[in-house]
Amino acid sequence: MLGYIAIADVLDMLTPDDDDTPDCLYVRDVLPFKRTSEHYAGLLDEIRADGIALPIMIRTFEGQPWLVDGHHRVAAALDLGMTHLVWSDLPVELEDRPYNPMLRGDWQPFRPAA
């Protein structure tokens with residue numbers, strides 16, 4: 001599924017822990033770390049010139065929406081003054097990765113409330 005979502009709604013979503021951001025529970029907590037990555041400046045320039053090429057990925061786990069891919073894109077969109085993003089619950093680049101734990105088990109497609 002594809003759709004548009006307000007960045008403000010994404011900021012309040014949960015996000016999986018990783019080694020770089022172990023204490024971050026919400027997307028808003030992770031973005032300062034994402035902005036320090038070595039490729040962020042290049043991504044920002046690319047998005048400024050060409051827009052965002054891939055949707056962010058949102059999945060549902062135990063009834064809660066989680067941003068599972070696209071944290072750098074969310075940070076860049078905010079820094080560039082965007083208010084909405086395109087989202088998907090299964091981006092093309094992950095369809096052939098059945099080993100990804102966020103695509104199996106209790107993770108479900110994201111279906112926003114109407």
# chains A, B, ... in the order shown; residues from 1 in each chain; ligands from 1
>>> residues_around(residues="Arg111 (chain A)", least_positions_apart="3", cutoff="9 Å", atoms="only C-alpha atoms", output="list in words")
Met1, Arg59, Thr60, Pro65, Asp89, Gln108 and Ala114 of chain A
>>> residues_around(residues="Leu78 (chain A)", least_positions_apart="3", cutoff="12 Å", atoms="only C-alpha atoms", output="tab-separated table (two decimals) with N, CA and C atoms, in the first residue's frame")
chain	number	residue	atom	x	y	z
A	6	ALA	N	1.58	12.83	7.17
A	6	ALA	CA	2.19	14.04	7.72
A	6	ALA	C	3.45	13.66	8.51
A	7	ILE	N	4.49	14.43	8.32
A	7	ILE	CA	5.73	14.16	9.05
A	7	ILE	C	5.48	14.26	10.55
A	8	ALA	N	4.60	15.14	10.97
A	8	ALA	CA	4.29	15.26	12.40
A	8	ALA	C	3.78	13.93	12.96
A	10	VAL	N	4.63	10.94	11.77
A	10	VAL	CA	5.76	10.02	11.75
A	10	VAL	C	6.65	10.25	12.98
A	11	LEU	N	6.82	11.49	13.38
A	11	LEU	CA	7.69	11.80	14.52
A	11	LEU	C	7.25	11.11	15.80
A	28	ARG	N	11.29	10.84	16.56
A	28	ARG	CA	11.85	12.16	16.88
A	28	ARG	C	13.16	12.04	17.67
A	31	LEU	N	16.31	11.14	15.06
A	31	LEU	CA	16.71	12.04	13.99
A	31	LEU	C	18.01	12.81	14.25
A	32	PRO	N	18.27	13.29	15.47
A	32	PRO	CA	19.56	13.96	15.68
A	32	PRO	C	20.76	13.06	15.37
A	35	ARG	N	21.18	12.67	11.50
A	35	ARG	CA	21.76	13.85	10.86
A	35	ARG	C	23.29	13.89	10.96
A	44	LEU	N	20.83	15.04	1.75
A	44	LEU	CA	20.11	16.30	1.82
A	44	LEU	C	20.21	17.06	0.49
A	47	ILE	N	18.09	15.19	-2.20
A	47	ILE	CA	16.65	15.41	-2.02
A	47	ILE	C	16.28	16.83	-2.38
A	48	ARG	N	17.13	17.78	-2.06
A	48	ARG	CA	16.88	19.18	-2.41
A	48	ARG	C	16.78	19.32	-3.94
A	71	HIS	N	14.53	6.76	8.11
A	71	HIS	CA	14.81	7.76	9.13
A	71	HIS	C	15.60	8.95	8.58
A	72	HIS	N	16.60	8.68	7.76
A	72	HIS	CA	17.37	9.77	7.16
A	72	HIS	C	16.49	10.62	6.26
A	73	ARG	N	15.58	9.98	5.52
A	73	ARG	CA	14.69	10.73	4.64
A	73	ARG	C	13.73	11.61	5.43
A	74	VAL	N	13.27	11.12	6.58
A	74	VAL	CA	12.40	11.94	7.43
A	74	VAL	C	13.16	13.16	7.93
A	75	ALA	N	14.40	12.95	8.40
A	75	ALA	CA	15.20	14.08	8.89
A	75	ALA	C	15.43	15.09	7.77
A	81	GLY	N	11.87	21.55	5.03
A	81	GLY	CA	10.58	22.20	5.18
A	81	GLY	C	9.40	21.44	4.60
A	82	MET	N	9.58	20.17	4.30
A	82	MET	CA	8.47	19.36	3.80
A	82	MET	C	7.51	19.05	4.94
A	83	THR	N	6.25	18.85	4.62
A	83	THR	CA	5.27	18.54	5.66
A	83	THR	C	4.69	17.14	5.53
A	84	HIS	N	4.80	16.51	4.37
A	84	HIS	CA	4.25	15.18	4.13
A	84	HIS	C	5.26	14.32	3.38
A	85	LEU	N	5.13	13.03	3.57
A	85	LEU	CA	5.97	12.06	2.87
A	85	LEU	C	5.11	10.97	2.26
>>> closest_residue(among="A:Leu80, A:Leu43, A:Met13, A:Leu25", to="Met57 (chain A)", atoms="only C-alpha atoms")
A:Met13
>>> select_by_dssp(residues="region 10-74 of chain A", states="helix (DSSP H, G or I)", output="list in words")
Val10, Leu11, Val27, Arg28, Asp29, Val30, Leu31, Pro32, Phe33, Lys34, Tyr40, Ala41, Gly42, Leu43, Leu44, Asp45, Glu46, Ile47, Arg48, Ala49, Asp50, His71, His72, Arg73 and Val74 of chain A
>>> write_last_selection(atoms="N, CA and C atoms", output="CSV table (one decimal), in the first residue's frame")
chain,number,residue,atom,x,y,z
A,10,VAL,N,4.6,10.9,11.8
A,10,VAL,CA,5.8,10.0,11.8
A,10,VAL,C,6.7,10.2,13.0
A,11,LEU,N,6.8,11.5,13.4
A,11,LEU,CA,7.7,11.8,14.5
A,11,LEU,C,7.2,11.1,15.8
A,27,VAL,N,10.6,8.1,16.7
A,27,VAL,CA,11.3,8.6,15.5
A,27,VAL,C,12.0,10.0,15.9
A,28,ARG,N,11.3,10.8,16.6
A,28,ARG,CA,11.9,12.2,16.9
A,28,ARG,C,13.2,12.0,17.7
A,29,ASP,N,13.3,11.0,18.5
A,29,ASP,CA,14.5,10.8,19.2
A,29,ASP,C,15.7,10.4,18.4
A,30,VAL,N,15.5,9.7,17.3
A,30,VAL,CA,16.5,9.1,16.4
A,30,VAL,C,17.1,10.2,15.5
A,31,LEU,N,16.3,11.1,15.1
A,31,LEU,CA,16.7,12.0,14.0
A,31,LEU,C,18.0,12.8,14.3
A,32,PRO,N,18.3,13.3,15.5
A,32,PRO,CA,19.6,14.0,15.7
A,32,PRO,C,20.8,13.1,15.4
A,33,PHE,N,20.6,11.8,15.7
A,33,PHE,CA,21.7,10.8,15.4
A,33,PHE,C,21.8,10.6,13.8
A,34,LYS,N,20.7,10.5,13.2
A,34,LYS,CA,20.7,10.3,11.7
A,34,LYS,C,21.4,11.5,11.0
A,40,TYR,N,24.7,11.9,5.3
A,40,TYR,CA,23.5,12.8,5.4
A,40,TYR,C,23.5,14.0,4.6
A,41,ALA,N,24.7,14.7,4.5
A,41,ALA,CA,24.8,15.9,3.8
A,41,ALA,C,24.5,15.7,2.3
A,42,GLY,N,25.1,14.6,1.8
A,42,GLY,CA,24.8,14.2,0.4
A,42,GLY,C,23.4,13.9,0.1
A,43,LEU,N,22.8,13.2,1.0
A,43,LEU,CA,21.3,12.8,0.9
A,43,LEU,C,20.5,14.1,0.9
A,44,LEU,N,20.8,15.0,1.7
A,44,LEU,CA,20.1,16.3,1.8
A,44,LEU,C,20.2,17.1,0.5
A,45,ASP,N,21.4,17.1,-0.1
A,45,ASP,CA,21.6,17.8,-1.4
A,45,ASP,C,20.8,17.1,-2.5
A,46,GLU,N,20.9,15.8,-2.5
A,46,GLU,CA,20.1,15.0,-3.5
A,46,GLU,C,18.6,15.2,-3.4
A,47,ILE,N,18.1,15.2,-2.2
A,47,ILE,CA,16.7,15.4,-2.0
A,47,ILE,C,16.3,16.8,-2.4
A,48,ARG,N,17.1,17.8,-2.1
A,48,ARG,CA,16.9,19.2,-2.4
A,48,ARG,C,16.8,19.3,-3.9
A,49,ALA,N,17.6,18.6,-4.7
A,49,ALA,CA,17.7,18.7,-6.1
A,49,ALA,C,16.6,17.9,-6.8
A,50,ASP,N,16.4,16.7,-6.3
A,50,ASP,CA,15.6,15.7,-7.0
A,50,ASP,C,14.3,15.2,-6.3
A,71,HIS,N,14.5,6.8,8.1
A,71,HIS,CA,14.8,7.8,9.1
A,71,HIS,C,15.6,9.0,8.6
A,72,HIS,N,16.6,8.7,7.8
A,72,HIS,CA,17.4,9.8,7.2
A,72,HIS,C,16.5,10.6,6.3
A,73,ARG,N,15.6,10.0,5.5
A,73,ARG,CA,14.7,10.7,4.6
A,73,ARG,C,13.7,11.6,5.4
A,74,VAL,N,13.3,11.1,6.6
A,74,VAL,CA,12.4,11.9,7.4
A,74,VAL,C,13.2,13.2,7.9
>>> residues_around(residues="Phe110 (chain A)", least_positions_apart="5", cutoff="12 Å", atoms="only C-alpha atoms", output="number ranges by chain")
A: 1-3, 5, 13, 56-68, 87-90, 102-103
>>> atom_distance(atom1="CA of Asp20 (chain A)", atom2="CA of Thr36 (chain A)")
11.0 Å
